[in-house]
Every structure is written in structure tokens, then in C-alpha cells.
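Contents: one structure, followed by commentary.
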Amino acid sequence: MCRDDTLWPPLPASLPSAYKCPAMNELQRLKRAMCDIGRRLWERGYVEGNAGNLSVRFADNRVLCTPTLISKGFMKPADLCVVDLAGNPVAGSRKRTSEILLHLEIMKRQPKARAVVHCHAPFGTAYATAGRVPPTGIIPEAEVMLGPVAVAPYYRTATPELGRAVCRFVGKHQVILLANHGVVAWSETLEDAYWRVETLEAYGRVMLLIQQLGLKPRRLTARQLREVLELKRRYGFVDPRL
């Protein structure tokens, strides 16, 4: 039997099956999924304090998003907000995140972007603060999930300028670093957007370890990289090299 949606449930042993509980409608399922992703971000140290925000578009003019001033590790479904594509509140008892405008601009510019994850994951934020991007052509999984990562120039958070700066890249990049700020990733599902952040962090750790060992990574050959990009093309992922 499904528990009350207003209460934070213990993490189920099988999240996918829990999300498919017949008594839940789609919005309830998305709320539980968003709370779970928020907890994973917090547990991994990708968000601190009340930082980070999540969103998922579930109808033509309706977007579920996280509220402002809340730890993403301890959200309950009842805390979440619904807004329209202009950012106007539609449902929810809490105030929506001030950074929702960035999410909405991405969704309006990139039709495939049904979900957006923004966080301050340490390795990604380190690259963003340095104005650098991770190298490419080394690990196949990173090529598929990340590809070339872009860096958007710094603009103050929650401003239209930041949204416009990021939207220059969403046509060919699914992961964008926000200079002196953090990371934003978009995808067709919230889970997949989260995976891209997780992949960026794992890849960043590997690059740091190689550097600390005083070594240089062995790059994929041109043929090997072409094979990986062909796989990515079949998946329908965006990449400036395709």
C-alpha cells in the first residue's frame, strides 16, 4: 500500500518499483523522485546549506520544482512547488526557488530538456571557478554521458542574463558549468540529468588522481572515439561533434 504523499518515506529497497505504485498519479511519482534525487545530491556533498535546485516539466505549461530556503537532503513531497513556464506559482505552500528562471529558459530553448539539475558539485564547481572544462577523448562513459562540457560566463544568480548565457550552449551541451558558481545539467528525465552530474564528478576525481600521480592520461584513438560518438548518436544525445 502506498504511504501518504505528504510524509517523507524511508528510501525503498527498489526505487523504480516504488515510483510505479499504481495508487500514485504522475505528479506524485515525480515528487517522490525529486525528493530522492535531492537526498542523493545532499548525501554526495553536491549541495550545501540550502543550495541547489531541481525541476521537471510534466505538462505543456507546468513545471515541478524545489522551493527556496530548504536543504535538498530533507525535502518532503509537500514542500515542492508547481509553476508555469513564466515562473508564476501555480501550486504549493512554499515559495519556489529563485533560480527557476534558469531552468525555464533551458526548457524553452531546448525541447528535449524536460528536467534540470543545478548543484555545486565540488569537482565541477572547481572547473567552473577556474574557467576550465574537463578534457575529452579519454573515458568512453564520460564521452557518452558528458562529451564536451561548456562554461557559461558569470552572471548573478536568478537573473535573466544568466539564463540567456546558459541557453547559448544547451543546443549541443547537456552539462554546462556556471563560471564562479556551479553546474547545471538537463535531460529528458530527472534521473538522467542527475546521472550526468554524478558522471562529471567521477570523471573529475579521476583527472585529479592522474594529475597527482604525475601521469598523463592515454587518449582514445580517433577510430575509438568515432565508435563512441556513433553510439551516442544512436542514443539521441546531443554533442557538438555530431
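For the C-alpha cells, the naming scheme is as follows: chains receive sequential letters (A, B, ...) according to their order of presentation, residues are indexed from 1 within each chain, and ligands are indexed from 1 in presentation order.
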
With 7 Å as the cut-off and only C-alpha atoms counted, what is the closest atom pair between each nearby residue of stretch 89-172 of chain A and stretch 191-200 of chain A? Distances in Å to one decimal, ordered by chain and number, as a tab-separated table.
```
residue	atom	partner	partner_atom	distance
A:Ala115	CA	A:Ala193	CA	6.8
A:Val116	CA	A:Ala193	CA	6.3
A:Val117	CA	A:Ala193	CA	6.1
A:Gly124	CA	A:Leu200	CA	6.6
A:Ala142	CA	A:Thr199	CA	6.6
A:Met145	CA	A:Arg196	CA	5.9
A:Leu146	CA	A:Arg196	CA	6.4
```

- Message: Please extract the residues of chain A with a backbone DSSP assignment of helix (DSSP H, G or I) and present them as a ChimeraX atom specification.
- Response: /A:15-19,26-43,77-79,100-109,122-130,140-145,160-167,190-212,222-235

Using 9 Å as the limit and counting only C-alpha atoms, can you tabulate each residue of stretch 38-146 of chain A that touches stretch 173-188 of chain A, with its shortest atom-to-atom distance in Å and the two atoms involved, as CSV?
```
residue,atom,partner,partner_atom,distance
A:Gly52,CA,A:Gly182,CA,9.0
A:Val56,CA,A:Glu188,CA,8.7
A:His103,CA,A:Trp186,CA,8.7
A:Ile106,CA,A:Trp186,CA,7.9
A:Met107,CA,A:Trp186,CA,8.5
A:Lys112,CA,A:Glu188,CA,5.7
A:Ala113,CA,A:Ser187,CA,5.0
A:Arg114,CA,A:Glu188,CA,4.7
A:Ala115,CA,A:Ser187,CA,5.5
A:Val116,CA,A:Trp186,CA,4.4
A:Val117,CA,A:Ala185,CA,5.3
A:His118,CA,A:Val184,CA,4.3
A:Cys119,CA,A:Val183,CA,5.5
A:His120,CA,A:Gly182,CA,4.5
A:Ala121,CA,A:Gly182,CA,6.8
A:Pro122,CA,A:Gly182,CA,8.2
A:Gly124,CA,A:Val183,CA,6.2
A:Thr125,CA,A:Gly182,CA,4.5
A:Ala126,CA,A:Gly182,CA,8.2
A:Tyr127,CA,A:Leu177,CA,7.6
A:Ala128,CA,A:Ala179,CA,4.7
A:Thr129,CA,A:Asn180,CA,4.2
A:Ala130,CA,A:Asn180,CA,7.6
A:Gly131,CA,A:Ala179,CA,6.1
A:Arg132,CA,A:Leu177,CA,8.9
A:Val133,CA,A:Leu177,CA,8.0
A:Met145,CA,A:Gln174,CA,8.5
A:Leu146,CA,A:Val175,CA,6.5
```

How would the residues just chosen look if you wrote them out with N, CA and C atoms as an mmCIF file, in the first residue's frame?
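out_21.cif, freshly written:
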```
data_model
loop_
_atom_site.group_PDB
_atom_site.id
_atom_site.type_symbol
_atom_site.label_atom_id
_atom_site.label_comp_id
_atom_site.auth_asym_id
_atom_site.auth_seq_id
_atom_site.Cartn_x
_atom_site.Cartn_y
_atom_site.Cartn_z
ATOM 1 N N GLY A 52 21.363 24.555 -4.469
ATOM 2 C CA GLY A 52 20.918 23.625 -5.498
ATOM 3 C C GLY A 52 19.421 23.705 -5.735
ATOM 4 N N VAL A 56 11.311 19.606 -13.119
ATOM 5 C CA VAL A 56 10.900 18.657 -14.150
ATOM 6 C C VAL A 56 9.582 19.155 -14.740
ATOM 7 N N HIS A 103 16.140 27.387 -15.125
ATOM 8 C CA HIS A 103 15.577 26.117 -15.558
ATOM 9 C C HIS A 103 14.570 26.319 -16.686
ATOM 10 N N ILE A 106 16.104 27.154 -20.047
ATOM 11 C CA ILE A 106 16.654 25.951 -20.680
ATOM 12 C C ILE A 106 15.545 25.136 -21.324
ATOM 13 N N MET A 107 14.450 24.960 -20.611
ATOM 14 C CA MET A 107 13.332 24.162 -21.138
ATOM 15 C C MET A 107 12.705 24.801 -22.364
ATOM 16 N N LYS A 112 14.109 19.045 -25.766
ATOM 17 C CA LYS A 112 14.387 17.771 -25.106
ATOM 18 C C LYS A 112 14.576 17.920 -23.598
ATOM 19 N N ALA A 113 14.752 19.132 -23.135
ATOM 20 C CA ALA A 113 15.037 19.371 -21.718
ATOM 21 C C ALA A 113 13.745 19.340 -20.911
ATOM 22 N N ARG A 114 13.394 18.173 -20.412
ATOM 23 C CA ARG A 114 12.219 18.032 -19.550
ATOM 24 C C ARG A 114 12.596 18.137 -18.078
ATOM 25 N N ALA A 115 13.877 18.006 -17.764
ATOM 26 C CA ALA A 115 14.330 18.048 -16.375
ATOM 27 C C ALA A 115 15.672 18.758 -16.291
ATOM 28 N N VAL A 116 15.880 19.482 -15.185
ATOM 29 C CA VAL A 116 17.117 20.242 -14.978
ATOM 30 C C VAL A 116 17.588 20.034 -13.540
ATOM 31 N N VAL A 117 18.887 19.810 -13.385
ATOM 32 C CA VAL A 117 19.522 19.704 -12.067
ATOM 33 C C VAL A 117 20.605 20.767 -11.977
ATOM 34 N N HIS A 118 20.537 21.593 -10.941
ATOM 35 C CA HIS A 118 21.593 22.566 -10.682
ATOM 36 C C HIS A 118 22.146 22.309 -9.292
ATOM 37 N N CYS A 119 23.478 22.250 -9.186
ATOM 38 C CA CYS A 119 24.104 21.982 -7.892
ATOM 39 C C CYS A 119 25.497 22.583 -7.851
ATOM 40 N N HIS A 120 26.163 22.394 -6.719
ATOM 41 C CA HIS A 120 27.513 22.904 -6.527
ATOM 42 C C HIS A 120 28.482 21.746 -6.308
ATOM 43 N N ALA A 121 28.373 20.727 -7.133
ATOM 44 C CA ALA A 121 29.250 19.556 -7.017
ATOM 45 C C ALA A 121 30.717 20.016 -7.066
ATOM 46 N N PRO A 122 31.557 19.575 -6.112
ATOM 47 C CA PRO A 122 32.884 20.163 -5.945
ATOM 48 C C PRO A 122 33.799 20.140 -7.166
ATOM 49 N N GLY A 124 33.058 19.703 -10.415
ATOM 50 C CA GLY A 124 32.500 20.539 -11.462
ATOM 51 C C GLY A 124 32.618 22.011 -11.134
ATOM 52 N N THR A 125 32.366 22.378 -9.882
ATOM 53 C CA THR A 125 32.464 23.776 -9.473
ATOM 54 C C THR A 125 33.907 24.254 -9.497
ATOM 55 N N ALA A 126 34.848 23.364 -9.194
ATOM 56 C CA ALA A 126 36.260 23.728 -9.275
ATOM 57 C C ALA A 126 36.635 24.094 -10.709
ATOM 58 N N TYR A 127 36.207 23.258 -11.671
ATOM 59 C CA TYR A 127 36.445 23.593 -13.077
ATOM 60 C C TYR A 127 35.765 24.916 -13.426
ATOM 61 N N ALA A 128 34.533 25.095 -12.972
ATOM 62 C CA ALA A 128 33.782 26.320 -13.289
ATOM 63 C C ALA A 128 34.466 27.552 -12.724
ATOM 64 N N THR A 129 34.988 27.445 -11.518
ATOM 65 C CA THR A 129 35.647 28.581 -10.881
ATOM 66 C C THR A 129 36.956 28.933 -11.592
ATOM 67 N N ALA A 130 37.610 27.911 -12.140
ATOM 68 C CA ALA A 130 38.855 28.146 -12.891
ATOM 69 C C ALA A 130 38.582 28.553 -14.331
ATOM 70 N N GLY A 131 37.331 28.470 -14.761
ATOM 71 C CA GLY A 131 37.013 28.770 -16.150
ATOM 72 C C GLY A 131 37.535 27.736 -17.116
ATOM 73 N N ARG A 132 37.678 26.508 -16.634
ATOM 74 C CA ARG A 132 38.211 25.415 -17.457
ATOM 75 C C ARG A 132 37.176 24.317 -17.594
ATOM 76 N N VAL A 133 37.387 23.426 -18.558
ATOM 77 C CA VAL A 133 36.498 22.276 -18.757
ATOM 78 C C VAL A 133 37.322 21.000 -18.687
ATOM 79 N N MET A 145 28.089 10.236 -21.635
ATOM 80 C CA MET A 145 27.242 10.965 -20.695
ATOM 81 C C MET A 145 27.531 12.458 -20.649
ATOM 82 N N LEU A 146 28.750 12.843 -20.968
ATOM 83 C CA LEU A 146 29.140 14.251 -20.875
ATOM 84 C C LEU A 146 29.481 14.844 -22.238
#
```

- If you measure from atom CA of A:Ala165 to atom CA of A:Arg109, what distance in Å do you get, rounded to one decimal? 11.7 Å

- Task: Can you pull out every residue within 12 Å of A:Glu161, counting only C-alpha atoms, but drop anything in the same chain fewer than 4 positions away, and send it as a list of chain:residue names?
- Result: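 The contact residues come out as A:Glu99, A:Leu101, A:Leu102, A:Glu105, A:Ala152, A:Pro153, A:Tyr154, A:Tyr155, A:Arg156, A:Thr157, A:Ala165, A:Val166, A:Cys167, A:Arg168.
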
- d(atom CA of A:Leu231, atom CA of A:Ser55) in Å: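 These two atoms are separated by 27.9 Å.
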
- Message: My list of candidates is A:Val144, A:Leu208, A:Ala150, A:Ala202. Which is closest to A:Leu242 when distances are computed with only C-alpha atoms?
- Response: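 So, comparing all the options, the nearest one is A:Val144.
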
- Among stretch 37-240 of chain A, which ones does DSSP place in strand (DSSP E), written as a PyMOL selection string? chain A and resi 53-59+62-65+81-83+89-91+115-119+150-152+175-178+182-187

- Item | Atomic distance atom CA of A:Gly49 - atom CA of A:Leu162, expressed in Å with one decimal |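 Going from atom CA of A:Gly49 over to atom CA of A:Leu162, I get 21.8 Å.
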
- Item | Who sits within 8 Å of A:Val82, only C-alpha atoms, same chain under 6 positions skipped, as a list in words | Arg62, Val63, Leu64, Cys65, Pro89, Val90, Ala91, Gly92 and Arg96 of chain A
